[in-house]
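**Q** So here's final04.txt (compact mmCIF, C-alpha atoms).
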# COMPACT_ATOMS: atom_id res chain seq x y z
CA MET W 1 -18.99 7.63 -53.48
CA PRO W 2 -15.76 8.95 -52.00
CA SER W 3 -12.82 9.18 -54.33
CA LEU W 4 -9.71 7.07 -53.90
CA LYS W 5 -7.79 10.05 -52.63
CA ASP W 6 -10.40 10.84 -49.95
CA LEU W 7 -10.22 7.27 -48.71
CA ARG W 8 -6.45 7.33 -48.62
CA VAL W 9 -6.49 10.52 -46.56
CA ARG W 10 -9.00 9.09 -44.12
CA ILE W 11 -7.03 5.91 -43.64
CA THR W 12 -3.88 7.89 -42.89
CA SER W 13 -5.67 10.09 -40.40
CA VAL W 14 -7.28 7.16 -38.57
CA LYS W 15 -3.90 5.46 -38.49
CA SER W 16 -2.25 8.41 -36.82
CA THR W 17 -5.09 8.63 -34.29
CA GLN W 18 -4.54 4.98 -33.57
CA ARG W 19 -0.87 5.60 -33.00
CA ILE W 20 -1.71 8.30 -30.46
CA THR W 21 -4.26 6.23 -28.57
CA SER W 22 -1.97 3.25 -28.41
CA ALA W 23 0.87 5.44 -27.11
CA MET W 24 -1.47 6.87 -24.48
CA LYS W 25 -2.45 3.38 -23.48
CA MET W 26 1.18 2.45 -23.02
CA VAL W 27 1.88 5.56 -20.94
CA ALA W 28 -1.18 4.91 -18.79
CA ALA W 29 -0.09 1.33 -18.23
CA ALA W 30 3.35 2.43 -17.06
CA LYS W 31 1.87 5.09 -14.80
CA LEU W 32 -0.66 2.62 -13.48
CA ARG W 33 2.03 0.30 -12.28
CA ARG W 34 3.78 3.10 -10.43
CA ALA W 35 0.53 4.44 -9.01
CA GLN W 36 -0.41 1.01 -7.79
CA GLU W 37 2.95 0.58 -6.08
CA GLN W 38 2.61 3.96 -4.44
CA ALA W 39 -0.89 3.18 -3.25
CA GLU W 40 0.33 -0.05 -1.75
CA ALA W 41 3.35 1.54 -0.13
CA SER W 42 1.21 4.12 1.61
CA ARG W 43 -1.16 1.57 3.03
CA PRO W 44 0.80 0.63 6.20
CA TYR W 45 0.76 4.21 7.47
CA ALA W 46 -2.97 4.61 6.96
CA GLU W 47 -3.65 1.28 8.62
CA ARG W 48 -1.54 1.97 11.68
CA MET W 49 -2.97 5.45 11.94
CA GLU W 50 -6.46 3.98 11.92
CA ARG W 51 -5.55 1.43 14.56
CA MET W 52 -4.10 4.09 16.80
CA LEU W 53 -6.95 6.50 16.30
CA GLY W 54 -9.45 3.71 16.85
CA SER W 55 -7.96 2.79 20.20
CA VAL W 56 -7.65 6.38 21.34
CA ALA W 57 -11.18 7.20 20.24
CA ALA W 58 -12.51 4.12 21.99
CA SER W 59 -10.90 5.16 25.26
CA VAL W 60 -12.43 8.61 25.28
CA SER W 61 -15.15 8.21 27.85
CA ASP W 62 -16.95 11.48 27.40
CA VAL W 63 -17.60 12.06 23.71
CA SER W 64 -18.99 15.55 24.20
CA SER W 65 -15.67 16.83 25.54
CA ALA W 66 -13.74 15.29 22.64
CA PRO W 67 -12.45 17.53 19.85
CA PRO W 68 -15.18 18.44 17.34
CA LEU W 69 -13.33 16.64 14.53
CA LEU W 70 -14.25 13.42 16.34
CA ALA W 71 -17.57 14.34 17.88
CA GLY W 72 -18.92 16.58 15.11
CA THR W 73 -20.88 19.74 15.65
CA GLY W 74 -23.97 17.91 16.76
CA LYS W 75 -25.84 18.98 13.62
CA ASP W 76 -25.86 17.79 10.05
CA ASP W 77 -27.33 20.76 8.23
CA VAL W 78 -24.47 21.68 5.96
CA HIS W 79 -22.70 19.00 3.97
CA LEU W 80 -19.35 19.43 2.28
CA LEU W 81 -18.57 17.03 -0.52
CA VAL W 82 -14.99 16.76 -1.70
CA ILE W 83 -15.08 15.33 -5.20
CA MET W 84 -11.93 13.73 -6.61
CA THR W 85 -11.85 14.00 -10.38
CA THR W 86 -9.07 14.16 -12.94
CA ASP W 87 -7.33 17.09 -14.59
CA ARG W 88 -7.33 15.47 -17.99
CA GLY W 89 -9.93 13.70 -20.01
CA LEU W 90 -9.80 10.65 -22.25
CA CYS W 91 -10.28 8.25 -19.39
CA GLY W 92 -13.61 6.66 -20.22
CA GLY W 93 -16.44 6.86 -17.73
CA PHE W 94 -14.20 7.84 -14.83
CA ASN W 95 -15.43 11.38 -14.33
CA THR W 96 -18.93 10.67 -15.61
CA ASN W 97 -19.45 8.01 -12.96
CA ILE W 98 -18.35 10.20 -10.13
CA GLY W 99 -20.38 13.08 -11.57
CA ARG W 100 -23.49 10.94 -11.71
CA TRP W 101 -23.05 9.81 -8.12
CA THR W 102 -22.52 13.40 -6.98
CA ARG W 103 -25.57 14.63 -8.82
CA GLN W 104 -27.78 12.01 -7.17
CA GLN W 105 -26.30 12.62 -3.75
CA VAL W 106 -26.64 16.38 -3.97
CA ARG W 107 -30.27 16.09 -5.07
CA ARG W 108 -31.00 13.71 -2.21
CA LEU W 109 -29.40 16.02 0.34
CA VAL W 110 -31.18 19.06 -1.03
CA ASP W 111 -34.49 17.21 -0.95
CA ASP W 112 -33.85 16.49 2.73
CA GLY W 113 -33.48 20.21 3.30
CA LYS W 114 -29.70 20.16 3.77
CA GLN W 115 -27.33 22.74 2.46
CA VAL W 116 -24.60 21.38 0.19
CA LYS W 117 -21.16 22.73 -0.60
CA LEU W 118 -18.82 21.24 -3.14
CA LEU W 119 -15.05 21.29 -3.16
CA ILE W 120 -13.80 19.91 -6.43
CA VAL W 121 -10.39 18.43 -7.00
CA GLY W 122 -9.49 18.22 -10.69
CA ARG W 123 -10.34 20.35 -13.69
CA LYS W 124 -12.77 17.88 -15.24
CA GLY W 125 -15.11 17.81 -12.28
CA LEU W 126 -15.67 21.54 -12.55
CA GLY W 127 -16.83 21.33 -16.15
CA LEU W 128 -19.06 18.44 -15.26
CA LEU W 129 -20.84 20.03 -12.32
CA ARG W 130 -20.66 23.73 -13.00
CA ALA W 131 -23.77 23.90 -15.12
CA GLU W 132 -26.05 22.34 -12.55
CA PHE W 133 -24.51 23.16 -9.20
CA GLY W 134 -22.40 26.22 -9.98
CA SER W 135 -23.62 28.09 -6.93
CA MET W 136 -22.63 25.28 -4.56
CA ILE W 137 -19.06 24.99 -5.74
CA ILE W 138 -16.82 26.82 -3.33
CA ASP W 139 -13.54 26.10 -5.06
CA THR W 140 -11.58 23.89 -7.41
CA ILE W 141 -8.14 22.50 -6.78
CA GLU W 142 -6.12 21.61 -9.83
CA ASP W 143 -2.86 19.90 -10.68
CA THR W 144 -2.88 17.67 -7.63
CA ALA W 145 -1.20 14.77 -9.38
CA LYS W 146 1.72 16.13 -11.33
CA PRO W 147 3.47 13.82 -11.92
CA ALA W 148 2.16 11.82 -8.95
CA PRO W 149 0.11 12.60 -5.85
CA LYS W 150 2.17 14.16 -3.08
CA PHE W 151 1.48 14.03 0.61
CA GLU W 152 1.97 17.79 0.92
CA THR W 153 -0.88 18.41 -1.51
CA ALA W 154 -3.13 16.13 0.49
CA ALA W 155 -2.11 17.89 3.69
CA ALA W 156 -2.91 21.26 2.13
CA ILE W 157 -6.38 20.09 1.10
CA ALA W 158 -6.95 18.57 4.52
CA SER W 159 -5.89 21.68 6.39
CA ARG W 160 -8.15 23.75 4.20
CA VAL W 161 -11.06 21.47 5.06
CA ALA W 162 -10.13 21.60 8.74
CA THR W 163 -10.00 25.40 8.72
CA MET W 164 -13.41 25.57 7.09
CA PHE W 165 -14.71 23.21 9.72
CA ASP W 166 -13.26 25.33 12.52
CA ASP W 167 -14.94 28.35 11.00
CA GLY W 168 -18.23 26.51 11.18
CA GLU W 169 -18.78 26.44 7.44
CA PHE W 170 -20.10 22.88 7.40
CA ASP W 171 -21.12 20.06 9.74
CA VAL W 172 -20.36 16.90 7.81
CA CYS W 173 -17.59 16.32 5.30
CA THR W 174 -17.51 13.43 2.86
CA ILE W 175 -14.84 12.73 0.30
CA VAL W 176 -15.88 10.95 -2.89
CA TYR W 177 -13.33 9.13 -5.00
CA ASN W 178 -12.96 6.27 -7.42
CA ARG W 179 -11.60 3.33 -5.49
CA PHE W 180 -9.14 1.22 -7.40
CA GLU W 181 -10.64 -2.23 -7.75
CA SER W 182 -8.69 -3.44 -10.73
CA ALA W 183 -7.29 -1.90 -13.88
CA LEU W 184 -10.68 -2.40 -15.49
CA SER W 185 -13.02 -1.43 -12.72
CA GLN W 186 -13.25 1.53 -10.41
CA ILE W 187 -15.86 1.96 -7.75
CA VAL W 188 -17.23 5.32 -6.67
CA THR W 189 -16.67 5.38 -2.94
CA PRO W 190 -17.88 7.98 -0.44
CA LEU W 191 -15.87 8.22 2.77
CA GLN W 192 -16.99 10.34 5.69
CA LEU W 193 -14.09 12.41 6.98
CA ILE W 194 -15.74 14.61 9.57
CA PRO W 195 -16.89 13.64 12.09
CA PHE W 196 -14.51 10.71 12.21
CA SER W 197 -16.36 7.45 11.90
CA GLN W 198 -14.37 4.34 12.45
CA GLY W 199 -16.55 2.10 10.37
CA ALA W 200 -16.18 4.33 7.35
CA ALA W 201 -12.42 4.48 7.56
CA GLU W 202 -12.07 0.73 7.35
CA ASP W 203 -12.66 -0.18 3.77
CA GLY W 204 -12.06 -3.79 4.38
CA ASP W 205 -8.87 -4.18 2.41
CA HIS W 206 -6.38 -3.94 5.24
CA ASP W 207 -4.76 -6.89 6.86
CA ASP W 208 -5.07 -6.48 10.58
CA GLU W 209 -3.39 -9.58 11.91
CA ALA W 210 -1.11 -7.41 13.98
CA ALA W 211 -4.06 -5.55 15.45
CA GLU W 212 -5.87 -8.76 16.23
CA SER W 213 -2.96 -10.35 18.03
CA ASP W 214 -3.04 -7.66 20.68
CA GLY W 215 -6.74 -7.97 21.23
CA PRO W 216 -9.04 -5.03 20.70
CA ASN W 217 -8.99 -3.68 24.24
CA VAL W 218 -5.40 -3.11 25.25
CA ALA W 219 -5.26 -0.48 27.96
CA TYR W 220 -2.87 2.12 26.64
CA ASP W 221 -1.11 4.81 28.58
CA TYR W 222 -1.31 8.17 26.90
CA GLU W 223 1.42 10.70 26.84
CA PRO W 224 0.19 13.49 26.98
CA ASP W 225 -3.49 12.73 27.65
CA GLU W 226 -6.10 11.33 25.24
CA ASN W 227 -7.59 14.62 24.23
CA GLU W 228 -4.27 16.19 23.38
CA ILE W 229 -3.25 13.21 21.29
CA LEU W 230 -6.62 13.32 19.58
CA THR W 231 -6.27 16.99 18.71
CA GLU W 232 -3.01 16.15 16.97
CA LEU W 233 -4.01 12.81 15.56
CA LEU W 234 -7.32 13.84 14.01
CA PRO W 235 -6.05 16.51 11.60
CA ARG W 236 -3.22 14.16 10.73
CA ASN W 237 -5.68 11.39 10.03
CA LEU W 238 -7.61 13.78 7.82
CA SER W 239 -4.54 14.34 5.65
CA VAL W 240 -3.85 10.63 5.51
CA GLN W 241 -7.37 9.83 4.38
CA VAL W 242 -7.26 12.56 1.73
CA PHE W 243 -3.89 11.26 0.58
CA ARG W 244 -5.24 7.76 0.38
CA ALA W 245 -8.20 8.96 -1.67
CA MET W 246 -5.83 10.83 -3.96
CA LEU W 247 -3.68 7.77 -4.53
CA GLU W 248 -6.65 5.51 -5.13
CA SER W 249 -8.15 8.03 -7.49
CA PHE W 250 -4.87 8.43 -9.36
CA ALA W 251 -4.42 4.70 -9.79
CA SER W 252 -8.05 4.40 -10.92
CA GLU W 253 -7.57 7.21 -13.40
CA GLN W 254 -4.65 5.43 -15.01
CA GLY W 255 -6.58 2.18 -15.11
CA ALA W 256 -9.60 3.85 -16.65
CA ARG W 257 -7.47 5.64 -19.20
CA MET W 258 -5.68 2.47 -20.13
CA ALA W 259 -8.96 0.65 -20.70
CA ALA W 260 -10.44 3.56 -22.64
CA MET W 261 -7.39 3.89 -24.86
CA ASP W 262 -7.27 0.16 -25.43
CA ASN W 263 -10.85 0.35 -26.68
CA ALA W 264 -10.08 3.34 -28.85
CA THR W 265 -7.09 1.60 -30.39
CA ARG W 266 -9.20 -1.43 -31.18
CA ASN W 267 -11.97 0.68 -32.68
CA ALA W 268 -9.47 2.53 -34.81
CA GLY W 269 -8.17 -0.83 -36.03
CA ASP W 270 -11.69 -1.91 -37.01
CA LEU W 271 -12.26 1.36 -38.78
CA ILE W 272 -9.02 1.02 -40.71
CA ASP W 273 -9.96 -2.49 -41.83
CA GLN W 274 -13.34 -1.23 -43.01
CA LEU W 275 -11.85 1.71 -44.85
CA THR W 276 -9.21 -0.47 -46.46
CA ILE W 277 -11.86 -2.82 -47.80
CA ASN W 278 -13.76 0.18 -49.17
CA TYR W 279 -10.59 1.54 -50.69
CA ASN W 280 -9.75 -1.74 -52.41
CA ARG W 281 -13.29 -2.18 -53.71
CA THR W 282 -13.33 1.31 -55.10
CA ARG W 283 -9.98 0.80 -56.76
CA GLN W 284 -11.16 -2.50 -58.26
CA ALA W 285 -14.30 -0.80 -59.51
CA PHE W 286 -12.24 1.86 -61.24
CA ILE W 287 -10.03 -0.75 -62.92
CA THR W 288 -13.04 -2.74 -64.06
CA LYS W 289 -14.63 0.39 -65.40
CA GLU W 290 -11.54 1.29 -67.38
CA LEU W 291 -11.28 -2.23 -68.78
CA ILE W 292 -14.89 -2.13 -69.90
CA GLU W 293 -14.25 1.19 -71.59
CA ILE W 294 -11.22 -0.18 -73.44
CA ILE W 295 -12.97 -3.39 -74.46
CA SER W 296 -16.13 -1.67 -75.59
CA GLY W 297 -13.96 0.86 -77.48
CA ALA W 298 -12.15 -2.02 -79.23
CA GLU W 299 -15.41 -3.78 -80.05
CA ALA W 300 -16.83 -0.65 -81.63
CA LEU W 301 -14.05 -0.60 -84.19
CA MET Q 302 11.64 -13.84 20.14
CA ALA Q 303 8.95 -11.86 21.87
CA ASP Q 304 10.91 -11.51 25.10
CA THR Q 305 14.28 -10.65 23.63
CA ALA Q 306 13.40 -8.26 20.83
CA VAL Q 307 11.10 -5.41 20.00
CA GLN Q 308 9.51 -5.37 16.57
CA PHE Q 309 10.29 -1.83 15.49
CA GLU Q 310 8.45 -0.22 12.60
CA LEU Q 311 9.02 3.21 11.16
CA VAL Q 312 6.34 4.36 8.75
CA SER Q 313 6.01 7.54 6.72
CA PRO Q 314 2.88 8.50 4.77
CA GLU Q 315 4.58 7.44 1.55
CA GLN Q 316 5.95 4.09 2.64
CA LEU Q 317 7.06 1.63 5.29
CA LEU Q 318 10.63 2.74 5.94
CA LEU Q 319 11.86 0.20 8.41
CA SER Q 320 10.56 -2.97 9.95
CA GLU Q 321 12.96 -5.03 11.99
CA ASP Q 322 13.48 -6.75 15.31
CA VAL Q 323 15.70 -4.71 17.58
CA GLU Q 324 16.97 -4.86 21.13
CA MET Q 325 15.81 -1.45 22.18
CA VAL Q 326 14.69 1.84 20.66
CA VAL Q 327 14.80 5.27 22.22
CA VAL Q 328 12.06 7.52 20.90
CA PRO Q 329 11.91 11.30 21.40
CA GLY Q 330 8.44 11.50 22.94
CA GLY Q 331 6.43 14.66 23.27
CA GLU Q 332 7.14 14.71 27.01
CA GLY Q 333 10.70 13.41 26.94
CA ASP Q 334 12.67 10.56 25.46
CA PHE Q 335 11.57 7.07 26.30
CA GLY Q 336 13.29 3.77 25.72
CA VAL Q 337 11.32 0.75 24.59
CA LEU Q 338 12.47 -2.67 25.68
CA PRO Q 339 10.52 -5.90 25.22
CA GLY Q 340 7.56 -6.07 27.57
CA HIS Q 341 7.03 -2.31 27.72
CA SER Q 342 3.58 -1.35 28.94
CA PRO Q 343 1.25 -0.32 26.11
CA MET Q 344 1.24 3.37 25.40
CA ILE Q 345 0.57 5.95 22.73
CA SER Q 346 2.60 9.10 22.63
CA THR Q 347 3.28 12.06 20.43
CA VAL Q 348 6.78 12.39 19.00
CA ARG Q 349 8.68 15.67 18.88
CA PRO Q 350 11.33 16.43 16.24
CA GLY Q 351 14.42 14.53 17.32
CA VAL Q 352 16.45 11.40 16.89
CA ILE Q 353 15.33 7.80 17.21
CA HIS Q 354 18.16 5.59 18.45
CA VAL Q 355 18.02 1.96 17.48
CA PHE Q 356 20.10 -0.38 19.65
CA ALA Q 357 21.56 -3.70 18.64
CA SER Q 358 23.84 -5.79 20.87
CA GLY Q 359 24.36 -3.06 23.41
CA ALA Q 360 25.28 -0.23 21.07
CA VAL Q 361 23.51 2.25 18.83
CA SER Q 362 23.12 0.64 15.41
CA SER Q 363 21.34 3.47 13.67
CA ARG Q 364 20.20 7.00 14.32
CA ILE Q 365 17.17 8.27 12.48
CA PHE Q 366 15.90 11.80 12.57
CA VAL Q 367 12.12 12.25 12.64
CA ALA Q 368 10.24 15.51 12.30
CA GLY Q 369 7.45 14.66 14.68
CA GLY Q 370 4.67 12.14 14.56
CA PHE Q 371 3.20 9.48 16.82
CA ALA Q 372 4.43 6.35 18.51
CA GLU Q 373 2.47 3.32 19.57
CA VAL Q 374 4.08 0.86 21.94
CA THR Q 375 2.85 -2.55 22.97
CA GLY Q 376 4.65 -5.36 24.76
CA SER Q 377 6.27 -6.68 21.61
CA ARG Q 378 5.95 -3.85 19.15
CA CYS Q 379 6.95 -0.24 18.68
CA THR Q 380 5.43 1.62 15.76
CA VAL Q 381 6.46 5.16 14.91
CA LEU Q 382 4.37 7.13 12.45
CA ALA Q 383 6.77 9.80 11.27
CA GLU Q 384 6.07 12.86 9.18
CA GLU Q 385 9.58 12.94 7.81
CA ALA Q 386 12.42 10.56 8.51
CA LEU Q 387 16.10 10.78 7.65
CA VAL Q 388 19.17 8.83 8.66
CA VAL Q 389 21.20 11.30 10.73
CA ASP Q 390 24.42 10.71 8.76
CA ASP Q 391 22.61 11.68 5.55
CA ILE Q 392 21.57 15.12 6.75
CA ASP Q 393 23.29 17.89 4.82
CA ARG Q 394 24.32 20.56 7.30
CA ALA Q 395 24.53 23.43 4.78
CA GLU Q 396 21.06 22.66 3.47
CA VAL Q 397 19.57 22.62 6.94
CA GLU Q 398 21.24 25.92 7.81
CA THR Q 399 19.76 27.56 4.71
CA ASP Q 400 16.37 26.11 5.66
CA LEU Q 401 16.67 27.53 9.13
CA GLN Q 402 17.66 30.93 7.83
CA ASN Q 403 14.73 30.99 5.39
CA ALA Q 404 12.33 29.90 8.10
CA VAL Q 405 13.53 32.61 10.48
CA GLU Q 406 13.23 35.21 7.73
CA ASP Q 407 9.72 34.03 6.87
CA LEU Q 408 8.82 34.20 10.51
CA GLY Q 409 9.78 37.86 10.68
CA GLY Q 410 8.27 38.73 7.33
CA THR Q 411 4.65 37.70 7.83
CA ASP Q 412 1.72 38.59 10.03
CA ASP Q 413 -0.51 35.74 8.97
CA PRO Q 414 -0.87 33.40 11.95
CA GLY Q 415 -1.08 30.31 9.73
CA GLU Q 416 2.11 31.17 7.85
CA GLN Q 417 3.82 32.12 11.07
CA LYS Q 418 2.99 28.78 12.59
CA ALA Q 419 4.27 26.95 9.51
CA ALA Q 420 7.52 28.93 9.54
CA GLU Q 421 7.94 28.25 13.24
CA THR Q 422 7.50 24.52 12.68
CA ARG Q 423 10.12 24.64 9.94
CA ALA Q 424 12.53 26.52 12.17
CA THR Q 425 12.02 24.06 15.03
CA THR Q 426 12.56 21.13 12.70
CA ALA Q 427 15.72 22.67 11.27
CA ARG Q 428 17.10 23.39 14.76
CA ALA Q 429 16.32 19.85 15.84
CA LYS Q 430 18.15 18.56 12.76
CA LEU Q 431 21.23 20.60 13.61
CA ALA Q 432 21.08 19.38 17.18
CA ALA Q 433 20.83 15.84 15.84
CA ILE Q 434 24.02 16.27 13.81
CA ASP Q 435 25.91 17.71 16.74
CA ALA Q 436 24.62 15.34 19.41
CA PRO Q 437 27.12 12.77 20.64
CA VAL Q 438 26.29 9.13 19.99
CA TYR Q 439 25.19 7.11 23.01
CA GLN Q 440 27.78 4.59 23.99
So that I can check it, write out the structure of this file as structure tokens.
**A**
Amino acid sequence: MPSLKDLRVRITSVKSTQRITSAMKMVAAAKLRRAQEQAEASRPYAERMERMLGSVAASVSDVSSAPPLLAGTGKDDVHLLVIMTTDRGLCGGFNTNIGRWTRQQVRRLVDDGKQVKLLIVGRKGLGLLRAEFGSMIIDTIEDTAKPAPKFETAAAIASRVATMFDDGEFDVCTIVYNRFESALSQIVTPLQLIPFSQGAAEDGDHDDEAAESDGPNVAYDYEPDENEILTELLPRNLSVQVFRAMLESFASEQGARMAAMDNATRNAGDLIDQLTINYNRTRQAFITKELIEIISGAEAL
Amino acid sequence: MADTAVQFELVSPEQLLLSEDVEMVVVPGGEGDFGVLPGHSPMISTVRPGVIHVFASGAVSSRIFVAGGFAEVTGSRCTVLAEEALVVDDIDRAEVETDLQNAVEDLGGTDDPGEQKAAETRATTARAKLAAIDAPVYQ
């Protein structure tokens, strides 16, 4: 039976933990709102970029002469997976979910005889995957979201991927991130970056009334020609997609952390209640014991 | 509305900067400036670093510097995807001159083709910004 002092110490310590988790929850909530706004603000660019790229890509008659970022290398032997994880922990199942998906995907690809390379964004992903797939990890990129995701960072990641592609280091590139569904739910989403696939880029959540009103097959003039625009547009699109993934992932992270910290705060509250009951019982027991001692002492006289 | 105004949109990766109906816009295209009036034939063009002129009631209503990007034009719409956009009057000349100097120095101080290309882009952008400040306003 713990002494009264032990119980008091435990209650204080749980209380201070609770204060920390509830502060973290508040911070995450504030960051979440900003992250969500940022994600929404960046949407128009990505949408218009997609629309443009879609119409240019559709007008390229001879796919084989198109830039390799669009057409691919014609093989799919080497897969590059870009995994978006967080730098910090305490965000519930966020990293675990993406880790689990990656593990399954890598095993499947390896079983099919493909070679897999991993590029990990975020410190947590490295710890998660190093043990099993250490030899596949080519690099880790950290501190991408301090204090918020920046387009330059996304562009740097994208240009790195593009350079690797030009050097023939992989054939297919897929980025994996947690898509922001709501503050409480994030969905692990793979998005194929290279070769560009139009279906994959449309994740359904964009309003394309403007695109519809022009009809799908407007005959555009190109200045300069299609291929030149494509060579400029494709790397650009790559950065935009990476940026979008970063923003989604960042918003998801805040949501996940908020939910996790909310849970932790509640659990701490339950624990405090339990400990307080224990503490009061113990105290009562001591008092009763002392009373009995006094009474029985008096009776003995 | 569709035959008297162009719906002009300026978008950067971070946000939608401008969305309004205007009389005409002049965009610095990759192969020369082009003006967009209502009913322009559909086209897609690259954009070089330069100034976008927005016209309202026969005169320039705003001048916006863009550091390259893409433009999509349809009969009723003109969308510019810009990498960086600044209102010309807000450009700080001293800052740009320092930028230019740094870029030129970086250009001389490296052999790495990637870095060289980046420095060159920065120099071009800075020069275009200076030109934008000095350029006379269309009447």
**Q** Counting all atoms listed in the file, collect the residues of chain Q whose closest atom lies at most 6 Å from chain W, and write them out as a list of chain:residue names.
**A**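 Here they are: Q:Val312, Q:Pro314, Q:Glu315, Q:Gln316, Q:Pro343, Q:Met344, Q:Ile345, Q:Ser346.
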**Q** Any idea what's packed within 7 Å of Ala372 (chain Q), counting only C-alpha atoms, ignoring anything in its chain fewer than 5 positions away? Could you give it as a PyMOL selection string?
**A** chain Q and resi 345-348+380-382
**Q** For the atom pair CA of Pro339 (chain Q) and CA of Phe371 (chain Q), what is the interatomic distance in Å to one decimal place?
**A**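 Pair CA of Pro339 (chain Q) / CA of Phe371 (chain Q) returns 19.0 Å.
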**Q** For Ala145 (chain W), work out the shell of residues within 12 Å, counting only C-alpha atoms and skipping chain neighbours fewer than 3 positions away, then give it as a PyMOL selection string.
**A** chain W and resi 31+35+84-88+121-123+141-142+148-154+243+245-251+253-254
**Q** Between CA of Phe309 (chain Q) and CA of Cys379 (chain Q), what is the distance in Å, rounded to a tenth?
**A**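 Answer for the CA of Phe309 (chain Q) to CA of Cys379 (chain Q) separation: 4.9 Å.
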**Q** For CA of Asn263 (chain W) and CA of Thr282 (chain W), quote the distance in Å rounded to one decimal.
**A**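 Distance reported for this atom pair: 28.5 Å.
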**Q** Kindly indicate which residue among Q:Ala427, Q:Leu318, Q:Ala306, Q:Val323 lies nearest to Ala395 (chain Q), using all atoms listed in the file for the distances.
**A**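 Comparing Q:Ala427, Q:Leu318, Q:Ala306, Q:Val323 against Ala395 (chain Q), the winner is Q:Ala427.
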